[in-house]
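Peer 1: My structure is below; once you've seen it, I'll send some questions.
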Amino acid sequence: MSANHLAQLLEAALFSASHPLTLNELRGLEPDVSPADVRKALEALREHYETDEHAFELVELAQGYQLLTRREHAEALTEARIAHRPRKLSAASLETLAIIAYREPVGRAEIEEIRGVAADGVLKHLQDRDLIDVAGRGEGLGRPLLYRTTDTFLAMMGLNELSELPRLDQLAVALRPLAEELPETEGEGEAVPAEEQPEDS
Amino acid sequence: MSANHLAQLLEAALFSASHPLTLNELRGLEPDVSPADVRKALEALREHYETDEHAFELVELAQGYQLLTRREHAEALTEARIAHRPRKLSAASLETLAIIAYREPVGRAEIEEIRGVAADGVLKHLQDRDLIDVAGRGEGLGRPLLYRTTDTFLAMMGLNELSELPRLDQLAVALRPLAEELPETEGEGEAVPAEEQPEDS
Amino acid sequence: MTSSDILSFDDRPFVVQLDAFSGPLDLLLHLIREQEIDIADIPIATIAEQFLAAIEKLGINQAADYLEMAARLLRIKIRLLLPQPLDDDEWEDPRAELVRRLLEYEQTREVADLLSSRATARAERFPRGWIPDPPQPLPPEIIIDLEGVVGAVERVIDAMQQPIIHRVVPRPLDIEGATKRIRELLAGRSRLDFQEIVGERPHVSLVISVLIALLELARLGEALLVQAKPFEEFTIVGESPSAAA
């Protein structure tokens, strides 16, 4: 890449932008720069990526300019699952998922009672990632939303159906002991759920 | 850039990820490639971006590698509203993170003791932002949840690992052992009942 | 001390805001620093009053955390007023625990400031902004074990009340043949009934073949399909210039 300041700015912008950039947006990077200047610098970038065999290229789409990885790398990226590596789920998310998987449909209050921590943030996060969805509304006060796991969750776990999960009583670190501990935790002690349904589904 | 196939693949991977990729993830791109090969190719990329004055550079973060734009472009990018600085963390969040980073795994009670403020709201917020997660449960009453910082935290702070933070005794406010500072202070004294649970931190 | 006092110590402007403090220790530290007080020798009586005045001024006196600190300061103040025992070894400075906490908190603040400046520096470097949508998730791994399959088959068999056996006789559609036959018929006469083409009790495959052939001929302009009413028999009209009328 040349020492051309404009080209550097354009590269920085194209790299960090979350959408294709129009000529006008790109002109906003530097005062008093003509559309012709921008076009020329873009062309220089395009050629540089080509000549130096970079893994990405400058593409002009209807909506504007964008840097995209070349097609030929798509397969390797997908296989290495890097382009869309699933972020590791936090312990909070995993615990919440486990509770939902074993008790679905289940409401927020019950999840919070078991985990001893507010759950709305985690529930939203899991919903955003399509790991849980709303199964309906419960009967209780305020008709709380009830959650269940989704097919995406099954796919991620390599399961065909929830019943393939080990039974609760087979789990070394089962959820049940956790619930039994609850009475000792400060504050929330009285509200231990009375139903300890032995579910095997 | 050389015609080196591995370097191209690595660039494609780094280019299409918005988070740091570990050496292991990068090795997954090509079968039978050694960590040394990957490191060498990464070094070549790093040098290339430097020499050719690209607008981004290869940075080691959270024990992984990521492409980030150079600082010198920050102002132009934010002024042109192409990229946005993330929202700053509140003082409460920063203090809580400071405590966790230096004492992890650490429970809520200890954090509250040091900050003198209830911590559950902040802890939930930090968990939602994936800056901390639950490391396990402590031994004490109610088996309290213990927290630790995450890779997201490291990446946000531009750290490769926690040990890059200064040691506590290198800080301006170095906490000397209590005994040296105030020889007479052991035992809070009977005159203040039920005030202060002796913490064992 | 009145609230106006809180506005100035030593005639210096003293402006505090609610969200400027992250907790009671922060406020306490602020008061101490503002007046350049030695942290190891805090004039508790003064500081306690300033603290109380400040939280009243700030309207945060409902906050339990601040009230708790205020109570603690007052307790320390009272204990300092109590006569000290003559034997110094037995006496402990009631401020010691507070000093330790303040130092610990000050250290936390220093680390927090450090993290803040690191995060600010890091925030000036942007990652790639546009990440393509993830492709469809890979299909789940399929685990097949014989026992499971046999069990599933048995369950399905048990659930079936009566076995239903279908005999499937292959009889392919013959659109070409149907087309040829219709053309031949239309060559002889200008109008045909559908029934005439397929004959009595036709097989379903013949009906479909003829239908497709007719539609194709209609598309080519060789025939016109006329139906007087829905569900009624329809008539095929050979589409030569003379027959069109």
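Ligands are numbered from 1 in the order shown, residues from 1 within each chain, and chains are lettered A, B, ... in the order they appear in the structure tokens.
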Which residues are near range 111-123 of chain B? Cut-off 8 Å, only C-alpha atoms, ignore same chain within fewer than 3 positions. Put them as a PyMOL selection string.
Peer 2: (chain B and resi 92-93+95-96+99-100+106-108+126-127+132) or (chain C and resi 23-25+65+101+104-105)
Peer 1: Those residues you just picked out, can you put them in a file as an mmCIF file, in the first residue's frame with N, CA and C atoms?
Peer 2:
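That gives us selection29.cif:
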```
data_model
loop_
_atom_site.group_PDB
_atom_site.id
_atom_site.type_symbol
_atom_site.label_atom_id
_atom_site.label_comp_id
_atom_site.auth_asym_id
_atom_site.auth_seq_id
_atom_site.Cartn_x
_atom_site.Cartn_y
_atom_site.Cartn_z
ATOM 1 N N ALA B 92 -18.888 2.192 38.821
ATOM 2 C CA ALA B 92 -19.259 0.988 39.577
ATOM 3 C C ALA B 92 -18.781 -0.264 38.848
ATOM 4 N N SER B 93 -18.974 -0.313 37.526
ATOM 5 C CA SER B 93 -18.542 -1.478 36.760
ATOM 6 C C SER B 93 -17.027 -1.620 36.806
ATOM 7 N N GLU B 95 -14.884 -0.477 39.038
ATOM 8 C CA GLU B 95 -14.400 -0.884 40.359
ATOM 9 C C GLU B 95 -14.643 -2.368 40.582
ATOM 10 N N THR B 96 -15.820 -2.818 40.187
ATOM 11 C CA THR B 96 -16.145 -4.232 40.388
ATOM 12 C C THR B 96 -15.214 -5.120 39.556
ATOM 13 N N ILE B 99 -11.816 -5.332 41.170
ATOM 14 C CA ILE B 99 -11.766 -6.259 42.306
ATOM 15 C C ILE B 99 -11.722 -7.700 41.809
ATOM 16 N N ILE B 100 -12.571 -8.011 40.833
ATOM 17 C CA ILE B 100 -12.628 -9.392 40.345
ATOM 18 C C ILE B 100 -11.320 -9.774 39.648
ATOM 19 N N VAL B 106 -13.938 -14.716 43.079
ATOM 20 C CA VAL B 106 -14.332 -13.942 44.254
ATOM 21 C C VAL B 106 -15.858 -13.833 44.314
ATOM 22 N N GLY B 107 -16.385 -13.851 45.526
ATOM 23 C CA GLY B 107 -17.832 -13.835 45.715
ATOM 24 C C GLY B 107 -18.379 -12.437 45.902
ATOM 25 N N ARG B 108 -19.686 -12.364 45.861
ATOM 26 C CA ARG B 108 -20.348 -11.066 45.935
ATOM 27 C C ARG B 108 -20.049 -10.353 47.254
ATOM 28 N N LEU B 126 -22.556 -6.867 34.360
ATOM 29 C CA LEU B 126 -21.275 -7.339 33.819
ATOM 30 C C LEU B 126 -21.405 -8.732 33.219
ATOM 31 N N GLN B 127 -22.272 -9.551 33.840
ATOM 32 C CA GLN B 127 -22.516 -10.888 33.277
ATOM 33 C C GLN B 127 -23.226 -10.784 31.934
ATOM 34 N N ILE B 132 -17.829 -10.788 32.883
ATOM 35 C CA ILE B 132 -17.500 -11.740 33.951
ATOM 36 C C ILE B 132 -18.384 -12.964 33.778
ATOM 37 N N GLY C 23 -20.238 5.204 45.593
ATOM 38 C CA GLY C 23 -20.607 4.594 46.864
ATOM 39 C C GLY C 23 -20.117 5.424 48.029
ATOM 40 N N PRO C 24 -20.455 5.012 49.248
ATOM 41 C CA PRO C 24 -20.095 5.793 50.434
ATOM 42 C C PRO C 24 -18.578 5.940 50.618
ATOM 43 N N LEU C 25 -17.843 4.893 50.261
ATOM 44 C CA LEU C 25 -16.386 4.989 50.411
ATOM 45 C C LEU C 25 -15.819 6.026 49.451
ATOM 46 N N ASP C 65 -26.719 2.032 51.719
ATOM 47 C CA ASP C 65 -25.272 1.918 51.803
ATOM 48 C C ASP C 65 -24.648 3.163 52.442
ATOM 49 N N ARG C 101 -10.127 -0.156 55.152
ATOM 50 C CA ARG C 101 -11.092 -0.234 54.046
ATOM 51 C C ARG C 101 -10.882 0.903 53.053
ATOM 52 N N GLU C 104 -7.915 0.091 50.954
ATOM 53 C CA GLU C 104 -8.248 -0.979 50.013
ATOM 54 C C GLU C 104 -9.109 -0.423 48.878
ATOM 55 N N TYR C 105 -10.036 0.445 49.258
ATOM 56 C CA TYR C 105 -10.906 1.025 48.241
ATOM 57 C C TYR C 105 -10.116 1.952 47.316
#
```
Peer 1: Taking only C-alpha atoms into account and nothing else, which residues of chain C lie no more than 9 Å away from chain B? Please answer as a ChimeraX atom specification.
Peer 2: /C:20-26,40,64-66,69,72,75-76,79,89-94,96-97,100-132
Peer 1: Need the shell around range 29-43 of chain A: protein/DNA/RNA residues with any atom at most 12 Å away, counting only C-alpha atoms. Skip same-chain ones fewer than 4 positions apart. Format as JSON, numbers by chain?
Peer 2: {"A": [1, 2, 3, 4, 5, 6, 7, 8, 9, 10, 11, 12, 13, 14, 21, 22, 23, 24, 25, 47, 48, 49, 50, 57, 58, 59, 60, 64, 65, 66, 67], "B": [73, 74, 75, 76, 77, 78, 79, 80, 81, 82, 83]}
Peer 1: Given the choices B:His125, B:Ala55, B:Ala44, B:Thr149, which gets closest to chain A if the distance is worked out from only C-alpha atoms?
Peer 2: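 Once distances to chain A are computed over only C-alpha atoms, the minimum belongs to B:Ala55.
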Peer 1: Counting only C-alpha atoms, figure out which residue out of B:Arg46, B:Arg137, B:Arg103, B:Lys124 gets nearest to chain A.
Peer 2: B:Lys124
Peer 1: Mind pulling up the distance from CA of Ala228 in chain C to CA of Pro202 in chain C?
Peer 2: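 Separating CA of Pro202 in chain C from CA of Ala228 in chain C is a distance of 23.0 Å.
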Peer 1: Do you have the CA of Val210 in chain C-CA of Ala178 in chain C distance handy?
Peer 2: 5.3 Å
Peer 1: Could you jot down the CA of Ala135 in chain B to CA of Glu110 in chain A separation for me, Å, one decimal place?
Peer 2: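 Separating CA of Ala135 in chain B from CA of Glu110 in chain A is a distance of 22.2 Å.
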Peer 1: I'd like the contact shell of Glu233 in chain C - 12 Å cut-off, only C-alpha atoms, skipping same-chain residues fewer than 3 positions apart - returned as a PyMOL selection string.
Peer 2: chain C and resi 192-196+225-230+236
Peer 1: Which residue, B:Glu161, B:Glu104, B:Arg167, B:Ala109, has the smallest gap to Asp133 in chain B when you use only C-alpha atoms?
Peer 2: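 Under the stated criterion, the closest residue is B:Glu104.
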Peer 1: Could you list, as a PyMOL selection string, every residue within 10 Å of range 218-220 of chain C, counting only C-alpha atoms and ignoring same-chain residues fewer than 6 positions away?
Peer 2: chain C and resi 212+236-239
Peer 1: Write the selection just made, keeping all heavy atoms, as an mmCIF file, in the first residue's frame?
Peer 2:
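Generated output (selection19.cif):
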```cif
data_model
loop_
_atom_site.group_PDB
_atom_site.id
_atom_site.type_symbol
_atom_site.label_atom_id
_atom_site.label_comp_id
_atom_site.auth_asym_id
_atom_site.auth_seq_id
_atom_site.Cartn_x
_atom_site.Cartn_y
_atom_site.Cartn_z
ATOM 1 N N ILE C 212 -52.147 -33.236 -19.431
ATOM 2 C CA ILE C 212 -50.909 -32.487 -19.670
ATOM 3 C C ILE C 212 -50.730 -32.234 -21.167
ATOM 4 O O ILE C 212 -50.366 -31.133 -21.584
ATOM 5 C CB ILE C 212 -49.698 -33.254 -19.092
ATOM 6 C CG1 ILE C 212 -49.808 -33.284 -17.552
ATOM 7 C CG2 ILE C 212 -48.388 -32.582 -19.503
ATOM 8 C CD1 ILE C 212 -48.790 -34.165 -16.884
ATOM 9 N N ILE C 236 -62.783 -30.018 -26.477
ATOM 10 C CA ILE C 236 -61.537 -29.626 -27.109
ATOM 11 C C ILE C 236 -61.847 -29.210 -28.540
ATOM 12 O O ILE C 236 -62.460 -29.967 -29.295
ATOM 13 C CB ILE C 236 -60.530 -30.780 -27.107
ATOM 14 C CG1 ILE C 236 -60.184 -31.152 -25.639
ATOM 15 C CG2 ILE C 236 -59.264 -30.411 -27.859
ATOM 16 C CD1 ILE C 236 -60.961 -32.297 -25.109
ATOM 17 N N VAL C 237 -61.457 -27.997 -28.869
ATOM 18 C CA VAL C 237 -61.723 -27.480 -30.201
ATOM 19 C C VAL C 237 -60.404 -27.389 -30.940
ATOM 20 O O VAL C 237 -59.477 -26.722 -30.465
ATOM 21 C CB VAL C 237 -62.376 -26.086 -30.130
ATOM 22 C CG1 VAL C 237 -62.693 -25.586 -31.539
ATOM 23 C CG2 VAL C 237 -63.623 -26.138 -29.261
ATOM 24 N N GLY C 238 -60.326 -28.066 -32.079
ATOM 25 C CA GLY C 238 -59.113 -27.969 -32.886
ATOM 26 C C GLY C 238 -58.922 -26.537 -33.358
ATOM 27 O O GLY C 238 -59.852 -25.896 -33.832
ATOM 28 N N GLU C 239 -57.718 -26.000 -33.155
ATOM 29 C CA GLU C 239 -57.501 -24.580 -33.376
ATOM 30 C C GLU C 239 -56.893 -24.329 -34.760
ATOM 31 O O GLU C 239 -55.746 -23.965 -34.900
ATOM 32 C CB GLU C 239 -56.592 -24.030 -32.256
ATOM 33 C CG GLU C 239 -56.500 -22.517 -32.198
ATOM 34 C CD GLU C 239 -57.731 -21.850 -31.643
ATOM 35 O OE1 GLU C 239 -58.868 -22.376 -31.800
ATOM 36 O OE2 GLU C 239 -57.582 -20.805 -31.041
#
```
Peer 1: Which residue gives the smallest distance to chain B among A:Gln63, A:Thr152, A:Thr51, A:Ser163, with only C-alpha atoms counted?
Peer 2: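 Between A:Gln63, A:Thr152, A:Thr51, A:Ser163, the residue approaching chain B most closely is A:Thr51.
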Peer 1: If DSSP is run on the backbone, what residues of range 36-127 of chain A are strand (DSSP E)? A reply as a list in words would be ideal.
Peer 2: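 Going through range 36-127 of chain A, the strand (DSSP E) residues come out as Phe56, Glu57, Leu58, Val59, Glu60, Leu61, Gly64, Tyr65, Gln66, Leu67, Leu68, Thr69, Val106 and Gly107 of chain A.
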Peer 1: Any chance you could export the current selection's N, CA, C and O atoms as an mmCIF file, in the first residue's frame?
Peer 2:
```
data_model
loop_
_atom_site.group_PDB
_atom_site.id
_atom_site.type_symbol
_atom_site.label_atom_id
_atom_site.label_comp_id
_atom_site.auth_asym_id
_atom_site.auth_seq_id
_atom_site.Cartn_x
_atom_site.Cartn_y
_atom_site.Cartn_z
ATOM 1 N N PHE A 56 -8.903 -10.794 0.919
ATOM 2 C CA PHE A 56 -10.164 -10.066 0.770
ATOM 3 C C PHE A 56 -10.065 -9.174 -0.451
ATOM 4 O O PHE A 56 -8.975 -8.943 -0.982
ATOM 5 N N GLU A 57 -11.206 -8.697 -0.902
ATOM 6 C CA GLU A 57 -11.212 -7.838 -2.082
ATOM 7 C C GLU A 57 -12.192 -6.697 -1.894
ATOM 8 O O GLU A 57 -13.086 -6.761 -1.046
ATOM 9 N N LEU A 58 -12.010 -5.661 -2.679
ATOM 10 C CA LEU A 58 -12.919 -4.525 -2.636
ATOM 11 C C LEU A 58 -14.048 -4.785 -3.618
ATOM 12 O O LEU A 58 -13.821 -4.973 -4.805
ATOM 13 N N VAL A 59 -15.258 -4.793 -3.098
ATOM 14 C CA VAL A 59 -16.413 -5.116 -3.926
ATOM 15 C C VAL A 59 -17.346 -3.925 -3.969
ATOM 16 O O VAL A 59 -17.584 -3.286 -2.939
ATOM 17 N N GLU A 60 -17.836 -3.613 -5.146
ATOM 18 C CA GLU A 60 -18.810 -2.531 -5.244
ATOM 19 C C GLU A 60 -20.181 -3.143 -5.436
ATOM 20 O O GLU A 60 -20.442 -3.840 -6.408
ATOM 21 N N LEU A 61 -21.034 -2.911 -4.465
ATOM 22 C CA LEU A 61 -22.394 -3.429 -4.536
ATOM 23 C C LEU A 61 -23.331 -2.262 -4.763
ATOM 24 O O LEU A 61 -22.910 -1.107 -4.736
ATOM 25 N N GLY A 64 -23.039 0.228 -2.046
ATOM 26 C CA GLY A 64 -21.786 0.923 -1.790
ATOM 27 C C GLY A 64 -20.596 -0.014 -1.849
ATOM 28 O O GLY A 64 -20.688 -1.110 -2.401
ATOM 29 N N TYR A 65 -19.503 0.433 -1.231
ATOM 30 C CA TYR A 65 -18.264 -0.349 -1.275
ATOM 31 C C TYR A 65 -18.091 -1.171 -0.006
ATOM 32 O O TYR A 65 -18.441 -0.750 1.081
ATOM 33 N N GLN A 66 -17.487 -2.322 -0.175
ATOM 34 C CA GLN A 66 -17.325 -3.234 0.942
ATOM 35 C C GLN A 66 -16.078 -4.080 0.740
ATOM 36 O O GLN A 66 -15.725 -4.396 -0.402
ATOM 37 N N LEU A 67 -15.427 -4.438 1.845
ATOM 38 C CA LEU A 67 -14.347 -5.417 1.754
ATOM 39 C C LEU A 67 -14.924 -6.779 2.115
ATOM 40 O O LEU A 67 -15.542 -6.943 3.162
ATOM 41 N N LEU A 68 -14.712 -7.755 1.267
ATOM 42 C CA LEU A 68 -15.240 -9.096 1.524
ATOM 43 C C LEU A 68 -14.136 -10.114 1.305
ATOM 44 O O LEU A 68 -13.288 -9.935 0.432
ATOM 45 N N THR A 69 -14.174 -11.174 2.097
ATOM 46 C CA THR A 69 -13.187 -12.233 1.851
ATOM 47 C C THR A 69 -13.508 -12.888 0.515
ATOM 48 O O THR A 69 -14.669 -13.005 0.119
ATOM 49 N N VAL A 106 -40.924 -23.630 31.453
ATOM 50 C CA VAL A 106 -40.600 -23.148 32.784
ATOM 51 C C VAL A 106 -40.504 -21.625 32.759
ATOM 52 O O VAL A 106 -40.073 -21.033 31.765
ATOM 53 N N GLY A 107 -40.945 -21.011 33.843
ATOM 54 C CA GLY A 107 -40.970 -19.555 33.907
ATOM 55 C C GLY A 107 -39.713 -18.979 34.532
ATOM 56 O O GLY A 107 -38.898 -19.695 35.107
#
```
Peer 1: Which is closer to Arg148 in chain A than all the others in A:Pro105, A:Glu164, A:Gly28, A:Leu131, using only C-alpha atoms?
Peer 2: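 Closest to Arg148 in chain A of all the choices is A:Pro105.
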